[in-house]
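S.K.: Got input.cif for you, mmCIF, C-alpha atoms:
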data_data
#
loop_
_atom_site.label_atom_id
_atom_site.label_comp_id
_atom_site.auth_asym_id
_atom_site.auth_seq_id
_atom_site.Cartn_x
_atom_site.Cartn_y
_atom_site.Cartn_z
CA MET A 1 0.00 0.00 0.00
CA MET A 2 1.28 3.46 -0.89
CA THR A 3 1.46 6.14 1.78
CA LEU A 4 1.32 9.81 0.97
CA THR A 5 3.88 12.29 2.18
CA ALA A 6 2.59 15.25 4.17
CA SER A 7 2.91 17.55 1.16
CA ALA A 8 1.10 15.06 -1.13
CA GLN A 9 -1.69 14.66 1.43
CA GLN A 10 -2.05 18.44 1.60
CA ARG A 11 -2.32 18.63 -2.19
CA HIS A 12 -4.74 15.68 -2.43
CA GLY A 13 -7.90 16.84 -0.66
CA ASP A 14 -9.75 19.91 0.53
CA GLY A 15 -8.70 22.08 -2.38
CA LEU A 16 -10.43 24.86 -4.20
CA ASP A 17 -10.64 22.54 -7.21
CA ASP A 18 -12.95 20.15 -5.34
CA VAL A 19 -15.58 22.89 -5.10
CA LEU A 20 -14.91 24.73 -8.37
CA GLN A 21 -15.43 21.64 -10.53
CA HIS A 22 -19.19 21.79 -9.85
CA VAL A 23 -19.74 25.57 -9.82
CA PRO A 24 -20.48 25.94 -13.56
CA MET A 25 -23.18 23.24 -13.45
CA ALA A 26 -24.58 24.59 -10.19
CA SER A 27 -24.75 28.02 -11.85
CA VAL A 28 -27.11 26.60 -14.48
CA PHE A 29 -29.60 25.65 -11.78
CA VAL A 30 -29.12 28.86 -9.77
CA LEU A 31 -29.79 31.01 -12.85
CA LYS A 32 -32.85 28.90 -13.70
CA ALA A 33 -34.12 29.17 -10.11
CA CYS A 34 -33.62 32.94 -10.21
CA ASP A 35 -35.86 33.00 -13.30
CA PHE A 36 -33.30 34.21 -15.81
CA GLU A 37 -34.52 33.92 -19.39
CA ASN A 38 -34.34 30.29 -20.47
CA ASP A 39 -36.63 28.15 -22.64
CA THR A 40 -35.72 24.77 -21.16
CA PRO A 41 -38.29 23.37 -18.69
CA TRP A 42 -37.01 22.08 -15.34
CA PRO A 43 -37.45 18.35 -16.13
CA GLU A 44 -35.55 18.66 -19.39
CA LEU A 45 -32.82 20.76 -17.75
CA ALA A 46 -32.35 18.14 -15.03
CA LEU A 47 -32.32 15.28 -17.52
CA THR A 48 -29.80 17.11 -19.72
CA ALA A 49 -27.48 17.67 -16.75
CA VAL A 50 -27.75 14.04 -15.63
CA ALA A 51 -27.13 12.75 -19.17
CA SER A 52 -24.14 15.05 -19.67
CA TYR A 53 -22.53 14.10 -16.35
CA THR A 54 -23.27 10.41 -16.97
CA ILE A 55 -21.61 10.35 -20.39
CA ALA A 56 -18.67 12.35 -19.01
CA THR A 57 -18.30 10.10 -15.95
CA VAL A 58 -18.46 6.82 -17.86
CA THR A 59 -15.93 8.06 -20.40
CA THR A 60 -13.53 9.54 -17.84
CA TYR A 61 -13.51 6.68 -15.36
CA SER A 62 -13.32 4.04 -18.08
CA LEU A 63 -10.23 5.77 -19.43
CA LYS A 64 -8.75 6.06 -15.92
CA GLN A 65 -9.04 2.25 -15.58
CA ILE A 66 -7.68 1.53 -19.06
CA VAL A 67 -4.79 4.02 -19.17
CA ASN A 68 -3.72 3.57 -15.53
CA GLU A 69 -1.34 6.58 -15.59
CA GLN A 70 0.49 7.50 -12.40
CA ARG A 71 -0.18 10.97 -11.00
CA PRO A 72 2.68 13.46 -10.80
CA ASP A 73 2.54 13.28 -6.98
CA LYS A 74 2.74 9.45 -7.19
CA SER A 75 -0.41 9.07 -5.02
CA ASP A 76 -2.20 6.63 -7.38
CA ARG A 77 -2.51 5.51 -10.98
CA ARG A 78 -5.67 7.43 -11.96
CA SER A 79 -4.20 10.56 -13.50
CA PHE A 80 -5.54 10.35 -17.07
CA PRO A 81 -7.93 12.05 -17.74
CA SER A 82 -8.76 14.69 -15.12
CA GLY A 83 -12.23 14.13 -13.68
CA HIS A 84 -12.24 17.61 -12.15
CA ALA A 85 -11.59 19.18 -15.56
CA THR A 86 -14.22 16.91 -17.12
CA TYR A 87 -16.97 18.07 -14.74
CA ALA A 88 -15.92 21.72 -14.82
CA PHE A 89 -15.95 21.89 -18.62
CA ALA A 90 -19.16 19.86 -18.92
CA GLY A 91 -20.86 22.39 -16.63
CA ALA A 92 -19.37 25.38 -18.47
CA THR A 93 -20.62 24.01 -21.78
CA MET A 94 -24.14 23.51 -20.41
CA LEU A 95 -24.07 26.99 -18.87
CA THR A 96 -23.18 28.40 -22.28
CA HIS A 97 -25.97 26.47 -24.02
CA GLU A 98 -28.62 27.50 -21.50
CA PHE A 99 -27.65 31.06 -20.59
CA GLY A 100 -24.93 32.19 -23.00
CA HIS A 101 -27.51 34.29 -24.85
CA LEU A 102 -27.85 36.61 -21.82
CA SER A 103 -24.34 38.01 -21.95
CA PRO A 104 -20.90 37.12 -23.31
CA TRP A 105 -19.77 37.13 -19.68
CA VAL A 106 -21.74 33.95 -18.95
CA PRO A 107 -19.54 31.67 -21.09
CA ILE A 108 -16.43 33.66 -20.14
CA GLY A 109 -17.23 33.12 -16.46
CA GLY A 110 -18.11 29.45 -16.89
CA PHE A 111 -15.07 28.56 -18.94
CA GLY A 112 -12.90 30.83 -16.78
CA LEU A 113 -13.90 28.84 -13.68
CA ALA A 114 -13.38 25.57 -15.53
CA THR A 115 -9.90 26.71 -16.57
CA LEU A 116 -9.12 27.81 -13.00
CA THR A 117 -10.15 24.34 -11.79
CA ALA A 118 -7.88 22.66 -14.33
CA VAL A 119 -4.94 24.94 -13.54
CA ASP A 120 -5.38 24.25 -9.83
CA ARG A 121 -5.08 20.52 -10.57
CA LEU A 122 -1.74 21.23 -12.25
CA ARG A 123 -0.61 23.52 -9.44
CA ARG A 124 -1.40 20.87 -6.84
CA ASP A 125 0.63 18.29 -8.77
CA ARG A 126 -2.42 16.05 -9.30
CA HIS A 127 -2.32 16.02 -13.12
CA TYR A 128 -0.18 16.55 -16.15
CA LEU A 129 -1.19 19.06 -18.82
CA HIS A 130 -2.43 16.33 -21.16
CA ASP A 131 -4.67 14.96 -18.38
CA ILE A 132 -6.54 18.23 -17.96
CA CYS A 133 -6.73 18.86 -21.71
CA ALA A 134 -8.28 15.43 -22.21
CA GLY A 135 -10.68 16.01 -19.29
CA ALA A 136 -11.73 19.34 -20.76
CA ALA A 137 -12.33 17.76 -24.17
CA ILE A 138 -14.38 14.94 -22.63
CA GLY A 139 -16.49 17.42 -20.62
CA VAL A 140 -17.23 19.63 -23.62
CA GLY A 141 -17.75 16.61 -25.88
CA ALA A 142 -20.13 14.85 -23.48
CA THR A 143 -22.30 17.94 -23.13
CA GLU A 144 -22.30 18.70 -26.84
CA LEU A 145 -23.25 15.08 -27.53
CA THR A 146 -26.08 15.36 -25.00
CA TYR A 147 -27.47 18.48 -26.69
CA TRP A 148 -27.11 16.90 -30.13
CA LEU A 149 -28.96 13.75 -29.00
CA LYS A 150 -31.62 15.86 -27.32
CA GLN A 151 -32.18 17.92 -30.45
CA LYS A 152 -32.17 14.84 -32.68
CA PHE A 153 -34.39 12.48 -30.68
CA ILE A 154 -36.25 14.16 -27.85
CA LYS A 155 -38.86 16.88 -27.88
CA SER A 156 -39.33 18.94 -24.69
CA LYS A 157 -43.02 18.22 -24.40
CA ASN A 158 -42.34 14.47 -24.51
CA ILE A 159 -40.42 14.27 -21.22
CA ASP A 160 -42.04 13.88 -17.82
CA LEU A 161 -39.84 13.91 -14.72
CA SER A 162 -41.10 13.48 -11.18
CA PHE A 163 -39.47 12.91 -7.83
CA THR A 164 -41.37 11.41 -4.90
CA GLY A 165 -38.70 12.03 -2.28
CA GLN A 166 -37.30 8.52 -2.62
CA GLN A 167 -37.66 7.67 -6.30
CA LEU A 168 -37.04 9.51 -9.54
CA TYR A 169 -39.40 8.77 -12.42
CA ILE A 170 -38.53 9.64 -16.01
CA ALA A 171 -41.09 9.03 -18.73
CA MET A 172 -40.33 9.69 -22.39
CA ARG A 173 -42.88 9.50 -25.18
CA TRP A 174 -41.51 8.94 -28.69
#
Using structure tokens, write down the structure from this file.

M.R.:
Amino acid sequence: MMTLTASAQQRHGDGLDDVLQHVPMASVFVLKACDFENDTPWPELALTAVASYTIATVTTYSLKQIVNEQRPDKSDRRSFPSGHATYAFAGATMLTHEFGHLSPWVPIGGFGLATLTAVDRLRRDRHYLHDICAGAAIGVGATELTYWLKQKFIKSKNIDLSFTGQQLYIAMRW
């Protein structure tokens, strides 16, 4: 079993990057809740976010298992690709799709935070540059694929989403 040095342990957890990776996606829901102009109904917005994160997660963690690249800090062999960058860029891409029409500052802010997350992963010696670039590409690609599939196959009025407190129900009519 590998033990972490004090400096590696300090770099491993409780970093700004752990929070920032989810801020762009959280911003989508905060802006929607604050009633900013957006044509996507809540159920469709939630389903889009879940689909985007699911595609991104499956891709990223499958690659982590296959590639098995050691991190720069030698803490484990799950460096490629960066999951933090994946989530941050997936959220920034969704933020741009949903609210980018409001102001050019929306995508600048979303992608700026995603970039800050990725750079923090480099600074903390958790990833190499190619890890965060691949994570960013996977995040953007997963979200773009989700929007393409949604446009191609699903109509907004054909999705029903309900939550009972314990179970989530998704009904799609084709």

S.K.: Write out as a short mmCIF file (atom, residue, chain, number, x, y, z; two decimals) with C-alpha atoms, in the frame of the given file which residues come within 6 Å of segment 71-78 of chain A when counting all atoms listed in the file, dropping same-chain ones fewer than 6 positions away.

M.R.:
data_model
loop_
_atom_site.label_atom_id
_atom_site.label_comp_id
_atom_site.auth_asym_id
_atom_site.auth_seq_id
_atom_site.Cartn_x
_atom_site.Cartn_y
_atom_site.Cartn_z
CA LYS A 64 -8.75 6.06 -15.92
CA ASP A 125 0.63 18.29 -8.77
CA ARG A 126 -2.42 16.05 -9.30
CA HIS A 127 -2.32 16.02 -13.12
#

S.K.: With all atoms listed in the file counted, which protein, DNA or RNA residues have an atom no more than 7 Å from (-16.0, 20.7, -16.2) in the file frame? Please answer as a PyMOL selection string.

M.R.: chain A and resi 21+84-92+114+136+139

S.K.: Evaluating the PyMOL selection byres ((chain A and resi 47) around 10) on the displayed file yields which residues, as a list of chain:residue names?

M.R.: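 So the PyMOL selection byres ((chain A and resi 47) around 10) ends up selecting A:Trp42, A:Pro43, A:Glu44, A:Leu45, A:Ala46, A:Thr48, A:Ala49, A:Val50, A:Ala51, A:Ser52, A:Tyr53, A:Thr146, A:Lys150, A:Ile159, A:Asp160, A:Leu161, A:Ile170.
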
S.K.: Return the single residue from A:Val30, A:Gly165, A:Asn38, A:Ile138 that is closest to Glu98 of chain A, with distances computed using all atoms listed in the file.

M.R.: A:Asn38

S.K.: Could you tell me how far atom CA of Val19 of chain A lies from atom CA of Gly109 of chain A, in Å and to one decimal?

M.R.: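 Taking atom CA of Val19 of chain A and atom CA of Gly109 of chain A, their separation equals 15.4 Å.
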
S.K.: Rank A:Arg124, A:Gly141, A:Thr164, A:Ala134 by their smallest atom-to-atom distance to Leu63 of chain A, using all atoms listed in the file, and report the top residue only.

M.R.: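 Of A:Arg124, A:Gly141, A:Thr164, A:Ala134, the one nearest Leu63 of chain A, counting all atoms listed in the file, is A:Ala134.
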
S.K.: Could you tell me how far atom CA of His101 of chain A sits from atom CA of Pro41 of chain A, in Å to one decimal place?

M.R.: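 Atom-to-atom, atom CA of Pro41 of chain A to atom CA of His101 of chain A, that is 16.5 Å.
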
S.K.: What's the separation between atom CA of Val106 of chain A and atom CA of Thr60 of chain A, in Å to one decimal place?

M.R.: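 Straight-line distance from atom CA of Val106 of chain A to atom CA of Thr60 of chain A works out to 25.8 Å.
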